[in-house]
>>> print(open('upload-v8.csv').read())   # CSV, C-alpha atoms and all ligand atoms
chain,number,residue,atom,x,y,z
A,589,MET,CA,0.0,0.0,0.0
A,590,LYS,CA,1.2,3.5,-0.8
A,591,SER,CA,2.4,5.5,2.2
A,592,ARG,CA,0.1,8.4,1.5
A,593,LYS,CA,-3.5,8.2,2.5
A,594,PHE,CA,-6.3,6.9,0.2
A,595,ARG,CA,-8.1,10.1,-0.8
A,596,VAL,CA,-11.9,9.8,-1.2
A,597,GLY,CA,-14.6,12.3,-2.0
A,598,ILE,CA,-18.3,11.9,-1.1
A,599,ILE,CA,-20.9,13.0,-3.7
A,600,GLY,CA,-24.2,13.4,-1.9
A,601,GLY,CA,-23.9,13.9,1.8
A,602,GLY,CA,-27.5,13.1,2.9
A,603,GLY,CA,-29.1,10.2,4.8
A,604,ILE,CA,-27.1,7.2,3.8
A,605,ALA,CA,-23.8,9.1,3.6
A,606,GLN,CA,-24.0,10.4,7.1
A,607,ALA,CA,-25.6,7.3,8.7
A,608,VAL,CA,-23.2,4.6,7.4
A,609,HIS,CA,-20.8,5.6,4.6
A,610,ILE,CA,-18.9,8.4,6.3
A,611,PRO,CA,-18.5,6.3,9.6
A,612,GLY,CA,-17.4,3.4,7.3
A,613,TRP,CA,-14.7,5.4,5.6
A,614,ARG,CA,-13.6,6.9,8.9
A,615,ASN,CA,-13.2,3.4,10.3
A,616,LEU,CA,-10.3,2.8,7.9
A,617,PRO,CA,-7.1,4.5,9.1
A,618,GLU,CA,-5.5,4.5,5.7
A,619,VAL,CA,-8.3,6.7,4.3
A,620,GLU,CA,-8.8,10.5,4.2
A,621,ILE,CA,-12.2,11.9,3.3
A,622,VAL,CA,-11.0,15.0,1.3
A,623,GLY,CA,-14.3,16.6,0.4
A,624,VAL,CA,-18.0,16.3,0.3
A,625,ALA,CA,-20.2,17.7,-2.5
A,626,ASP,CA,-23.9,18.2,-2.1
A,627,VAL,CA,-26.2,20.6,-3.9
A,628,ALA,CA,-27.6,21.5,-0.5
A,629,GLU,CA,-24.8,23.4,1.1
A,630,ALA,CA,-26.0,22.9,4.7
A,631,THR,CA,-26.0,19.1,4.1
A,632,ALA,CA,-22.6,19.2,2.5
A,633,ARG,CA,-21.3,21.2,5.5
A,634,LYS,CA,-22.9,18.8,8.1
A,635,ALA,CA,-21.5,15.7,6.3
A,636,ALA,CA,-18.1,17.3,5.9
A,637,GLU,CA,-18.0,17.9,9.7
A,638,ALA,CA,-19.0,14.3,10.3
A,639,ALA,CA,-16.2,13.4,7.9
A,640,GLY,CA,-13.6,15.1,10.2
A,641,GLY,CA,-13.4,18.5,8.6
A,642,ALA,CA,-13.5,17.7,4.9
A,643,ARG,CA,-13.8,20.5,2.3
A,644,VAL,CA,-17.3,21.5,1.2
A,645,PHE,CA,-18.6,21.7,-2.4
A,646,THR,CA,-22.0,22.3,-3.9
A,647,ASP,CA,-20.8,21.1,-7.4
A,648,TYR,CA,-19.2,17.7,-7.6
A,649,ARG,CA,-17.2,18.8,-10.6
A,650,GLU,CA,-15.2,21.1,-8.3
A,651,LEU,CA,-14.6,18.2,-5.9
A,652,LEU,CA,-13.3,16.1,-8.7
A,653,LYS,CA,-10.5,18.6,-9.4
A,654,LEU,CA,-8.8,17.6,-6.0
A,655,GLY,CA,-7.0,14.6,-7.5
A,656,LEU,CA,-8.9,11.9,-5.6
A,657,ASP,CA,-8.3,8.1,-5.6
A,658,ALA,CA,-12.0,7.4,-5.4
A,659,VAL,CA,-15.5,8.8,-5.0
A,660,ASP,CA,-18.4,7.4,-3.1
A,661,ILE,CA,-21.7,8.4,-4.8
A,662,CYS,CA,-24.7,8.7,-2.4
A,663,THR,CA,-27.0,11.0,-4.4
A,664,PRO,CA,-30.6,10.2,-5.6
A,665,ASN,CA,-30.5,7.4,-8.2
A,666,LYS,CA,-30.8,9.6,-11.3
A,667,VAL,CA,-27.6,11.5,-10.4
A,668,HIS,CA,-25.5,8.3,-10.1
A,669,THR,CA,-24.7,8.0,-13.8
A,670,PRO,CA,-23.6,11.6,-14.5
A,671,ALA,CA,-21.6,11.7,-11.3
A,672,ALA,CA,-20.0,8.3,-12.0
A,673,LEU,CA,-19.1,9.2,-15.6
A,674,ALA,CA,-17.6,12.5,-14.5
A,675,ALA,CA,-15.6,10.8,-11.7
A,676,LEU,CA,-14.3,8.0,-14.0
A,677,THR,CA,-13.3,10.6,-16.6
A,678,ALA,CA,-11.4,12.4,-13.8
A,679,GLY,CA,-9.6,9.1,-13.1
A,680,CYS,CA,-11.3,8.1,-9.9
A,681,HIS,CA,-12.4,4.7,-8.8
A,682,VAL,CA,-16.1,4.6,-8.1
A,683,LEU,CA,-18.2,3.1,-5.3
A,684,CYS,CA,-21.9,3.9,-6.0
A,685,GLU,CA,-25.0,3.4,-4.0
A,686,LYS,CA,-27.7,1.1,-5.3
A,687,PRO,CA,-29.3,1.0,-7.8
A,688,LEU,CA,-26.1,1.7,-9.8
A,689,ALA,CA,-28.3,3.2,-12.5
A,690,VAL,CA,-31.9,2.9,-13.5
A,691,SER,CA,-31.4,1.6,-17.0
A,692,THR,CA,-29.1,-0.9,-18.6
A,693,ALA,CA,-27.8,1.7,-21.1
A,694,GLU,CA,-26.5,3.8,-18.2
A,695,VAL,CA,-25.0,0.8,-16.4
A,696,ARG,CA,-23.2,-0.2,-19.7
A,697,ALA,CA,-21.9,3.3,-20.2
A,698,MET,CA,-20.5,3.5,-16.7
A,699,GLY,CA,-19.1,0.0,-16.9
A,700,ARG,CA,-17.4,0.4,-20.3
A,701,LEU,CA,-15.9,3.7,-19.2
A,702,ALA,CA,-14.6,2.1,-16.0
A,703,ASP,CA,-13.0,-0.7,-18.1
A,704,GLN,CA,-11.6,1.7,-20.6
A,705,LYS,CA,-10.0,3.8,-17.9
A,706,LYS,CA,-8.9,0.8,-15.9
A,707,ARG,CA,-10.8,2.0,-12.8
A,708,LYS,CA,-12.9,0.0,-10.4
A,709,LEU,CA,-16.7,0.4,-10.4
A,710,MET,CA,-18.6,-1.2,-7.5
A,711,THR,CA,-22.3,-1.2,-6.7
A,712,ALA,CA,-22.9,-0.7,-3.0
A,713,GLN,CA,-24.9,-3.9,-2.5
A,714,HIS,CA,-24.2,-4.1,1.2
A,715,GLN,CA,-26.6,-7.1,1.7
A,716,ARG,CA,-23.8,-9.3,0.3
A,717,PHE,CA,-21.7,-8.3,3.3
A,718,THR,CA,-24.4,-9.2,6.0
A,719,GLN,CA,-24.1,-12.2,8.2
A,720,GLY,CA,-26.9,-13.9,6.4
A,721,GLY,CA,-25.5,-13.1,3.0
A,722,LEU,CA,-22.0,-14.4,3.9
A,723,ALA,CA,-23.4,-17.6,5.5
A,724,ALA,CA,-25.7,-18.3,2.5
A,725,ARG,CA,-22.8,-17.7,0.0
A,726,ALA,CA,-20.5,-20.1,2.0
A,727,TRP,CA,-23.2,-22.8,1.9
A,728,VAL,CA,-23.7,-22.4,-1.9
A,729,ASP,CA,-19.9,-22.4,-2.3
A,730,GLY,CA,-19.9,-25.8,-0.5
A,731,GLY,CA,-21.9,-27.3,-3.3
A,732,ASN,CA,-25.0,-27.7,-1.1
A,733,LEU,CA,-27.6,-26.1,-3.4
A,734,GLY,CA,-27.0,-28.0,-6.6
A,735,GLU,CA,-28.5,-26.7,-9.8
A,736,ALA,CA,-30.8,-23.7,-8.9
A,737,TYR,CA,-34.0,-24.1,-10.9
A,738,HIS,CA,-36.3,-21.6,-9.3
A,739,ALA,CA,-36.2,-18.6,-7.0
A,740,ARG,CA,-38.6,-16.2,-5.2
A,741,VAL,CA,-37.7,-12.7,-4.4
A,742,ARG,CA,-39.8,-10.5,-2.1
A,743,ALA,CA,-39.1,-6.9,-1.1
A,744,VAL,CA,-42.5,-6.1,0.3
A,745,ARG,CA,-43.4,-3.5,3.0
A,746,ARG,CA,-46.6,-2.9,4.7
A,747,ALA,CA,-46.3,0.9,4.9
A,748,TRP,CA,-42.7,2.1,4.7
A,749,LEU,CA,-42.8,4.5,1.9
A,750,PRO,CA,-39.7,6.8,1.9
A,751,PRO,CA,-41.3,10.2,1.7
A,752,SER,CA,-38.3,12.3,0.4
A,753,PRO,CA,-38.4,13.5,-3.3
A,754,GLY,CA,-35.3,11.5,-4.1
A,755,PHE,CA,-37.4,8.4,-3.7
A,756,ILE,CA,-40.9,9.3,-4.9
A,757,ASP,CA,-40.2,11.7,-7.8
A,758,ALA,CA,-39.5,9.7,-10.9
A,759,LYS,CA,-37.2,12.4,-12.3
A,760,LEU,CA,-34.9,11.8,-9.3
A,761,ALA,CA,-35.5,8.2,-8.4
A,762,GLY,CA,-36.2,6.6,-11.8
A,763,GLY,CA,-38.3,3.9,-10.1
A,764,GLY,CA,-40.1,3.0,-6.8
A,765,PRO,CA,-39.8,0.0,-4.6
A,766,CYS,CA,-38.4,-2.1,-7.5
A,767,MET,CA,-35.3,0.1,-7.8
A,768,ASP,CA,-35.1,0.9,-4.0
A,769,ILE,CA,-35.6,-2.4,-2.2
A,770,GLY,CA,-36.3,-5.0,-5.0
A,771,VAL,CA,-32.7,-4.3,-6.1
A,772,HIS,CA,-31.4,-5.6,-2.8
A,773,ALA,CA,-33.1,-8.9,-2.7
A,774,LEU,CA,-32.8,-9.5,-6.4
A,775,ASP,CA,-29.0,-8.8,-6.4
A,776,LEU,CA,-28.7,-11.2,-3.4
A,777,CYS,CA,-30.7,-13.9,-5.1
A,778,LEU,CA,-28.9,-13.7,-8.4
A,779,TRP,CA,-25.5,-13.7,-6.6
A,780,LEU,CA,-26.5,-16.9,-4.8
A,781,MET,CA,-27.6,-18.4,-8.1
A,782,ASP,CA,-24.2,-17.5,-9.7
A,783,PHE,CA,-25.8,-14.9,-12.0
A,784,PRO,CA,-27.6,-16.9,-14.7
A,785,GLN,CA,-28.4,-14.9,-17.8
A,786,PRO,CA,-31.9,-13.5,-17.8
A,787,VAL,CA,-33.6,-13.8,-21.2
A,788,ARG,CA,-37.3,-13.1,-20.9
A,789,VAL,CA,-39.3,-11.1,-18.4
A,790,SER,CA,-43.0,-10.3,-18.0
A,791,GLY,CA,-44.1,-8.0,-15.3
A,792,THR,CA,-46.5,-5.4,-13.9
A,793,SER,CA,-45.9,-2.2,-12.1
A,794,LYS,CA,-48.6,0.1,-10.7
A,795,THR,CA,-49.4,2.7,-8.1
A,796,VAL,CA,-52.1,1.2,-5.8
A,797,PHE,CA,-52.0,3.3,-2.6
A,798,ALA,CA,-49.4,6.1,-2.9
A,799,LYS,CA,-51.6,8.6,-4.8
A,800,GLY,CA,-54.5,8.2,-2.3
A,801,HIS,CA,-55.0,8.6,1.4
A,802,THR,CA,-56.2,5.2,2.6
A,803,MET,CA,-52.8,3.9,3.7
A,804,PRO,CA,-51.1,5.5,6.7
A,805,ASN,CA,-47.4,5.6,6.3
A,806,LEU,CA,-45.1,4.5,9.1
A,807,TRP,CA,-42.5,7.1,7.8
A,808,GLY,CA,-45.0,10.0,7.7
A,809,GLU,CA,-46.6,12.1,5.1
A,810,TRP,CA,-45.5,12.4,1.5
A,811,ASP,CA,-46.3,14.7,-1.5
A,812,ARG,CA,-49.0,12.9,-3.5
A,813,ALA,CA,-48.8,15.4,-6.4
A,814,ARG,CA,-45.1,14.7,-6.8
A,815,TYR,CA,-45.5,10.9,-6.4
A,816,SER,CA,-44.6,9.5,-9.8
A,817,VAL,CA,-43.2,6.0,-9.3
A,818,GLU,CA,-44.8,2.6,-8.7
A,819,ASP,CA,-45.7,1.4,-5.2
A,820,PHE,CA,-46.1,-2.2,-6.3
A,821,ALA,CA,-44.4,-4.3,-9.0
A,822,ALA,CA,-44.2,-8.0,-9.8
A,823,GLY,CA,-42.3,-10.0,-12.4
A,824,PHE,CA,-41.6,-13.4,-13.8
A,825,VAL,CA,-38.1,-14.1,-15.2
A,826,HIS,CA,-36.7,-16.9,-17.4
A,827,PHE,CA,-33.0,-17.5,-17.5
A,828,ASP,CA,-31.0,-19.1,-20.3
A,829,ASN,CA,-30.3,-22.2,-18.2
A,830,GLY,CA,-34.1,-22.9,-17.8
A,831,ALA,CA,-34.3,-21.5,-14.3
A,832,THR,CA,-37.1,-19.1,-13.3
A,833,LEU,CA,-37.6,-16.4,-10.7
A,834,VAL,CA,-40.7,-14.7,-9.3
A,835,LEU,CA,-40.2,-11.1,-8.0
A,836,GLU,CA,-42.5,-8.9,-5.9
A,837,ALA,CA,-41.6,-5.4,-4.6
A,838,ALA,CA,-43.9,-2.9,-2.7
A,839,TRP,CA,-43.6,0.0,-0.3
A,840,MET,CA,-47.3,-0.4,0.7
A,841,CYS,CA,-49.7,-3.3,0.9
A,842,HIS,CA,-52.0,-5.0,3.3
A,843,GLN,CA,-49.7,-7.6,4.9
A,844,VAL,CA,-49.0,-8.2,8.6
A,845,GLU,CA,-45.2,-8.0,8.4
A,846,ASN,CA,-43.7,-4.5,8.3
A,847,GLU,CA,-41.1,-5.7,5.8
A,848,ASP,CA,-40.5,-9.0,4.0
A,849,LEU,CA,-37.1,-8.8,2.4
A,850,VAL,CA,-36.5,-12.4,1.3
A,851,ALA,CA,-34.8,-14.4,-1.4
A,852,GLN,CA,-35.6,-18.1,-1.6
A,853,ILE,CA,-33.7,-20.4,-3.9
A,854,PHE,CA,-34.7,-23.9,-4.9
A,855,GLY,CA,-31.8,-26.1,-5.9
A,856,LYS,CA,-31.8,-29.8,-6.9
A,857,LYS,CA,-29.6,-30.7,-3.8
A,858,GLY,CA,-31.0,-28.2,-1.3
A,859,GLY,CA,-33.0,-25.0,-0.8
A,860,LEU,CA,-32.0,-21.8,0.9
A,861,LYS,CA,-33.6,-18.7,2.3
A,862,TRP,CA,-31.9,-15.3,2.8
A,863,PRO,CA,-31.5,-13.4,5.1
A,864,SER,CA,-32.4,-16.0,7.7
A,865,ALA,CA,-29.9,-18.4,6.1
A,866,GLU,CA,-32.2,-21.3,6.6
A,867,PHE,CA,-31.7,-24.4,4.5
A,868,ALA,CA,-33.6,-27.6,3.7
A,869,THR,CA,-32.1,-30.7,2.2
A,870,VAL,CA,-32.2,-34.5,2.3
A,871,VAL,CA,-29.5,-36.4,4.3
A,872,ASN,CA,-29.3,-40.2,4.1
A,873,GLY,CA,-32.8,-40.4,2.8
A,874,VAL,CA,-34.4,-38.2,5.4
A,875,HIS,CA,-35.5,-34.6,5.3
A,876,ALA,CA,-33.1,-32.2,7.1
A,877,GLN,CA,-33.2,-28.5,7.8
A,878,GLY,CA,-31.4,-25.9,9.8
A,879,SER,CA,-30.0,-22.4,9.9
A,880,LEU,CA,-26.5,-21.2,9.2
A,881,THR,CA,-24.3,-18.8,11.1
A,882,HIS,CA,-21.2,-17.3,9.5
A,883,PRO,CA,-18.3,-17.2,11.9
A,884,LEU,CA,-17.4,-13.6,10.9
A,885,HIS,CA,-18.9,-11.0,13.2
A,886,VAL,CA,-20.6,-8.5,10.9
A,887,PRO,CA,-21.7,-5.4,13.0
A,888,HIS,CA,-21.6,-3.0,10.0
A,889,PRO,CA,-22.2,-4.6,6.6
A,890,HIS,CA,-21.8,-1.1,4.9
A,891,TRP,CA,-18.4,-0.7,6.5
A,892,ASN,CA,-17.3,-4.1,5.2
A,893,GLU,CA,-18.5,-3.2,1.8
A,894,ILE,CA,-16.4,0.0,1.9
A,895,ALA,CA,-13.4,-2.0,3.2
A,896,ALA,CA,-13.9,-4.5,0.3
A,897,PHE,CA,-13.9,-1.6,-2.2
A,898,VAL,CA,-10.7,-0.1,-0.9
A,899,ASP,CA,-9.1,-3.6,-0.9
A,900,CYS,CA,-10.0,-4.1,-4.5
A,901,VAL,CA,-8.6,-0.8,-5.5
A,902,VAL,CA,-5.4,-0.9,-3.5
A,903,ASN,CA,-4.6,-4.6,-4.1
A,904,GLY,CA,-5.8,-4.8,-7.7
A,905,LYS,CA,-8.6,-7.3,-7.1
A,906,PRO,CA,-11.8,-7.5,-9.2
A,907,SER,CA,-14.7,-5.3,-8.1
A,908,PRO,CA,-16.6,-7.3,-5.4
A,909,VAL,CA,-19.9,-6.1,-7.1
A,910,PRO,CA,-19.0,-5.7,-10.8
A,911,TRP,CA,-21.2,-3.9,-13.3
A,912,THR,CA,-21.4,-7.1,-15.4
A,913,GLU,CA,-23.5,-8.5,-12.5
A,914,THR,CA,-25.4,-5.4,-11.8
A,915,ILE,CA,-26.5,-5.1,-15.4
A,916,LYS,CA,-28.5,-8.3,-15.0
A,917,VAL,CA,-30.2,-7.0,-11.9
A,918,ILE,CA,-31.1,-3.6,-13.6
A,919,GLY,CA,-32.0,-5.4,-16.8
A,920,ILE,CA,-34.7,-7.5,-15.0
A,921,LEU,CA,-36.1,-4.4,-13.2
A,922,GLU,CA,-36.1,-2.3,-16.4
A,923,ALA,CA,-37.9,-5.1,-18.2
A,924,VAL,CA,-40.5,-5.4,-15.5
A,925,TYR,CA,-41.4,-1.7,-16.2
A,926,ALA,CA,-41.2,-2.2,-20.0
A,927,SER,CA,-43.4,-5.3,-19.9
A,928,SER,CA,-45.9,-3.4,-17.7
A,929,ALA,CA,-46.0,-0.5,-20.1
A,930,SER,CA,-46.3,-2.6,-23.3
A,931,GLY,CA,-48.4,-5.5,-21.9
A,932,ARG,CA,-45.9,-7.9,-23.5
A,933,GLU,CA,-43.1,-10.2,-22.4
A,934,ILE,CA,-39.7,-8.5,-22.9
A,935,LYS,CA,-36.8,-10.4,-24.5
A,936,LEU,CA,-33.5,-9.4,-22.9
A,937,LYS,CA,-30.2,-9.1,-24.7
A,938,LEU,CA,-27.7,-8.0,-22.1
A,1001,LIG,N1,-27.9,0.6,0.7
A,1001,LIG,C1,-28.8,1.1,1.5
A,1001,LIG,O1,-29.2,0.4,2.4
A,1001,LIG,C2,-29.4,2.4,1.1
A,1001,LIG,C3,-30.3,3.0,2.1
A,1001,LIG,C4,-30.8,4.3,1.8
A,1001,LIG,C5,-30.4,4.9,0.5
A,1001,LIG,N2,-29.6,4.3,-0.3
A,1001,LIG,C6,-29.3,4.9,-1.6
A,1001,LIG,O2,-28.5,6.0,-1.4
A,1001,LIG,C7,-28.8,7.0,-2.3
A,1001,LIG,C8,-29.1,8.3,-1.5
A,1001,LIG,O3,-30.2,8.0,-0.6
A,1001,LIG,P1,-30.4,8.9,0.8
A,1001,LIG,O4,-31.4,8.1,1.6
A,1001,LIG,O5,-29.1,9.2,1.4
A,1001,LIG,O6,-31.0,10.2,0.2
A,1001,LIG,P2,-31.0,11.7,0.7
A,1001,LIG,O7,-32.0,12.4,0.0
A,1001,LIG,O8,-31.0,11.6,2.2
A,1001,LIG,O9,-29.5,12.2,0.3
A,1001,LIG,C9,-29.1,12.4,-1.0
A,1001,LIG,C10,-28.3,13.7,-1.1
A,1001,LIG,O10,-27.9,13.9,-2.4
A,1001,LIG,C11,-27.9,15.3,-2.6
A,1001,LIG,N3,-27.9,15.6,-4.1
A,1001,LIG,C12,-28.9,15.6,-4.9
A,1001,LIG,N4,-28.5,15.9,-6.2
A,1001,LIG,C13,-27.1,16.0,-6.1
A,1001,LIG,C14,-26.1,16.4,-7.0
A,1001,LIG,N5,-26.4,16.6,-8.3
A,1001,LIG,N6,-24.8,16.5,-6.6
A,1001,LIG,C15,-24.5,16.3,-5.2
A,1001,LIG,N7,-25.5,16.0,-4.3
A,1001,LIG,C16,-26.7,15.8,-4.7
A,1001,LIG,C17,-29.1,15.8,-1.9
A,1001,LIG,O11,-29.1,17.2,-1.7
A,1001,LIG,C18,-29.1,14.9,-0.6
A,1001,LIG,O12,-28.4,15.6,0.4
A,1001,LIG,C19,-30.0,6.5,-3.2
A,1001,LIG,O13,-29.5,6.1,-4.4
A,1001,LIG,C20,-30.5,5.4,-2.4
A,1001,LIG,O14,-31.1,4.4,-3.2
A,1001,LIG,C21,-29.1,3.0,0.0
>>> encode(input="upload-v8.csv", output="structure tokens", more="lines below")
Ligand SMILES: NC(=O)c1ccc[n+]([C@@H]2O[C@H](COP(=O)([O-])OP(=O)(O)OC[C@H]3O[C@@H](n4cnc5c(N)ncnc54)[C@H](O)[C@@H]3O)[C@@H](O)[C@H]2O)c1
Amino acid sequence: MKSRKFRVGIIGGGGIAQAVHIPGWRNLPEVEIVGVADVAEATARKAAEAAGGARVFTDYRELLKLGLDAVDICTPNKVHTPAALAALTAGCHVLCEKPLAVSTAEVRAMGRLADQKKRKLMTAQHQRFTQGGLAARAWVDGGNLGEAYHARVRAVRRAWLPPSPGFIDAKLAGGGPCMDIGVHALDLCLWLMDFPQPVRVSGTSKTVFAKGHTMPNLWGEWDRARYSVEDFAAGFVHFDNGATLVLEAAWMCHQVENEDLVAQIFGKKGGLKWPSAEFATVVNGVHAQGSLTHPLHVPHPHWNEIAAFVDCVVNGKPSPVPWTETIKVIGILEAVYASSASGREIKLKL
């Protein structure tokens, strides 16, 4: 490792940056957070203070002039692509919050530029770094799943609709629960299935409750006039190896659980559920089941994700969440919307 510090800039200093990214960066002694850029100056200032006295910018293009090793993008979804393209052009490695982008065209543009510039691009899919994610992955690596032939993905909330414009205004968010929480469970599920190639998707996407007043929100009021994304979506996916997947995502619905964030994979040797890391199989002709515990203590999955990003940059390792995987996740979600709009099954060529 170089003797000088690893210089990072934060683009977007709001909720997730202050809650987990900045503490995660500060947890690494070899890192210096050089600056924070946020269009809201007060937010940039607060985040920069939390970052230990970093410089404050309201335009990320100014931050990029500082000669950084990397940027960490924590803006609303629609800003991810322009910010990442600018950062890669400036020679930075890029860690970017999920969803990496809201279209495959954008993911491809970011990925190709990163490859061309020989810079790392990592999607911040922190669920891969949770206890349940690591345990499930270890079980799959042990050959216990066998051929995965079907999966179920649920990212369904009773009434946890994020009220801020960055999530509910399509111009900023690019999608509703599909892109916000569906992306977590779908990424996890595809990762555990070793990322088969999706080839056909049919889906539906609609706004059932969020335009009206019948569903009280556990996160408070939101602007119905500005609300322009789905609050429910479902899809059915075919992969080139014959496997299939059912997906459901919602911020609001009538269910007892506040949140069901689950991926369930059916393999020919065993079955697996995430995040509980429960498995079912057959041992010596009898049914067997249990739950897995990874030996690694994981108090802060986001911190581990940031440490993995720094490790891949500094030690020349592959991106832990490469764009070539993310494009399959976004391709499926994009196709759910396209199928809903057209009323037809979408053929994917990723
Ligand atoms: N991994 C997770 O668990 C998780 C959780 C929450 C949010 N997120 C993701 O993080 C991102 C940010 O979410 P959040 O909850 O922090 O939102 P937020 O609204 O709290 O913060 C976003 C910040 O970006 C700033 N911003 C907007 N446009 C900008 C621009 N052009 N340049 C610089 N700053 C700009 C806003 O002023 C705001 O301060 C989203 O993509 C979201 O999906 C991930």
>>> residues_around(input="upload-v8.csv", residues="segment 834-849 of chain A", least_positions_apart="6", cutoff="6 Å", atoms="only C-alpha atoms", output="MDAnalysis selection string")
chainID A and resid 740:749 765:766 770 819:824
>>> closest_residue(input="upload-v8.csv", among="A:Ala658, A:Ala736, A:Ala876, A:Ile598", to="Phe827 of chain A", atoms="all atoms listed in the file")
A:Ala736
>>> closest_residue(input="upload-v8.csv", among="A:Leu760, A:Leu673, A:Val682, A:Leu776", to="ligand LIG 1001 (chain A)", atoms="only C-alpha atoms and all ligand atoms")
A:Leu760
>>> closest_atom_pairs(input="upload-v8.csv", of="chain A", to="ligand LIG 1001 (chain A)", cutoff="9 Å", atoms="only C-alpha atoms and all ligand atoms", output="tab-separated table")
residue	atom	partner	partner_atom	distance
A:Ile598	CA	A:LIG1001	C15	8.6
A:Ile599	CA	A:LIG1001	C15	5.1
A:Gly600	CA	A:LIG1001	O10	3.8
A:Gly601	CA	A:LIG1001	O12	5.0
A:Gly602	CA	A:LIG1001	O9	3.4
A:Gly603	CA	A:LIG1001	O8	3.5
A:Ile604	CA	A:LIG1001	O5	3.7
A:Ala605	CA	A:LIG1001	O5	5.7
A:Gln606	CA	A:LIG1001	O5	7.7
A:Ala607	CA	A:LIG1001	O5	8.3
A:Val608	CA	A:LIG1001	C1	8.9
A:Val624	CA	A:LIG1001	C15	8.5
A:Ala625	CA	A:LIG1001	C15	5.3
A:Asp626	CA	A:LIG1001	N7	3.5
A:Val627	CA	A:LIG1001	N7	4.7
A:Ala628	CA	A:LIG1001	O11	4.7
A:Glu629	CA	A:LIG1001	O11	8.0
A:Ala630	CA	A:LIG1001	O12	8.8
A:Thr631	CA	A:LIG1001	O12	5.6
A:Ala632	CA	A:LIG1001	O12	7.1
A:Phe645	CA	A:LIG1001	C15	8.5
A:Thr646	CA	A:LIG1001	C15	6.6
A:Asp647	CA	A:LIG1001	N6	6.1
A:Tyr648	CA	A:LIG1001	N6	5.8
A:Arg649	CA	A:LIG1001	N6	8.9
A:Ile661	CA	A:LIG1001	C7	7.7
A:Cys662	CA	A:LIG1001	C7	4.4
A:Thr663	CA	A:LIG1001	O10	3.6
A:Pro664	CA	A:LIG1001	O13	4.4
A:Asn665	CA	A:LIG1001	O13	4.1
A:Lys666	CA	A:LIG1001	O13	7.8
A:Val667	CA	A:LIG1001	N5	5.6
A:His668	CA	A:LIG1001	O13	7.3
A:Pro670	CA	A:LIG1001	N5	8.4
A:Ala671	CA	A:LIG1001	N6	7.4
A:Cys684	CA	A:LIG1001	O13	8.1
A:Glu685	CA	A:LIG1001	O2	5.1
A:Lys686	CA	A:LIG1001	O14	5.2
A:Pro687	CA	A:LIG1001	O14	6.0
A:Leu688	CA	A:LIG1001	O13	7.8
A:Ala689	CA	A:LIG1001	O13	8.7
A:Ala712	CA	A:LIG1001	N1	6.4
A:Gln713	CA	A:LIG1001	N1	6.3
A:His714	CA	A:LIG1001	N1	6.0
A:Gln715	CA	A:LIG1001	N1	7.9
A:Pro750	CA	A:LIG1001	O4	8.4
A:Ser752	CA	A:LIG1001	O7	6.3
A:Pro753	CA	A:LIG1001	O7	7.3
A:Gly754	CA	A:LIG1001	O7	5.3
A:Phe755	CA	A:LIG1001	O14	7.5
A:Leu760	CA	A:LIG1001	N4	8.2
A:Ala761	CA	A:LIG1001	O13	7.5
A:Met767	CA	A:LIG1001	O14	7.6
A:Asp768	CA	A:LIG1001	O14	5.4
A:Ile769	CA	A:LIG1001	O14	8.2
A:His772	CA	A:LIG1001	N1	7.9
A:His890	CA	A:LIG1001	N1	7.6
>>> residues_around(input="upload-v8.csv", residues="Ser907 of chain A", least_positions_apart="2", cutoff="9 Å", atoms="all atoms listed in the file", output="MDAnalysis selection string")
chainID A and resid 708:711 896:897 900:901 904:905 909:911
>>> residues_around(input="upload-v8.csv", residues="Pro786 of chain A", least_positions_apart="2", cutoff="8 Å", atoms="all atoms listed in the file", output="list in words")
Pro784, Arg788, Val789, Val825, His826, Phe827, Asp828, Lys916, Ile920 and Leu936 of chain A
>>> decode(input="upload-v8.csv", residues="segment 747-769 of chain A", atoms="C-alpha atoms", output="PDB file, in the first residue's frame")
ATOM      1  CA  ALA A 747     -46.311   0.919   4.879  1.00  0.00           C
ATOM      2  CA  TRP A 748     -42.694   2.066   4.743  1.00  0.00           C
ATOM      3  CA  LEU A 749     -42.758   4.498   1.876  1.00  0.00           C
ATOM      4  CA  PRO A 750     -39.669   6.772   1.893  1.00  0.00           C
ATOM      5  CA  PRO A 751     -41.283  10.235   1.723  1.00  0.00           C
ATOM      6  CA  SER A 752     -38.342  12.276   0.365  1.00  0.00           C
ATOM      7  CA  PRO A 753     -38.449  13.520  -3.253  1.00  0.00           C
ATOM      8  CA  GLY A 754     -35.301  11.517  -4.061  1.00  0.00           C
ATOM      9  CA  PHE A 755     -37.377   8.357  -3.749  1.00  0.00           C
ATOM     10  CA  ILE A 756     -40.885   9.313  -4.911  1.00  0.00           C
ATOM     11  CA  ASP A 757     -40.205  11.714  -7.799  1.00  0.00           C
ATOM     12  CA  ALA A 758     -39.502   9.672 -10.945  1.00  0.00           C
ATOM     13  CA  LYS A 759     -37.205  12.412 -12.255  1.00  0.00           C
ATOM     14  CA  LEU A 760     -34.870  11.837  -9.277  1.00  0.00           C
ATOM     15  CA  ALA A 761     -35.530   8.202  -8.389  1.00  0.00           C
ATOM     16  CA  GLY A 762     -36.166   6.560 -11.765  1.00  0.00           C
ATOM     17  CA  GLY A 763     -38.295   3.902 -10.066  1.00  0.00           C
ATOM     18  CA  GLY A 764     -40.109   3.025  -6.845  1.00  0.00           C
ATOM     19  CA  PRO A 765     -39.750  -0.045  -4.606  1.00  0.00           C
ATOM     20  CA  CYS A 766     -38.437  -2.130  -7.508  1.00  0.00           C
ATOM     21  CA  MET A 767     -35.340   0.065  -7.756  1.00  0.00           C
ATOM     22  CA  ASP A 768     -35.148   0.887  -4.049  1.00  0.00           C
ATOM     23  CA  ILE A 769     -35.572  -2.439  -2.246  1.00  0.00           C
TER      24      ILE A 769
END
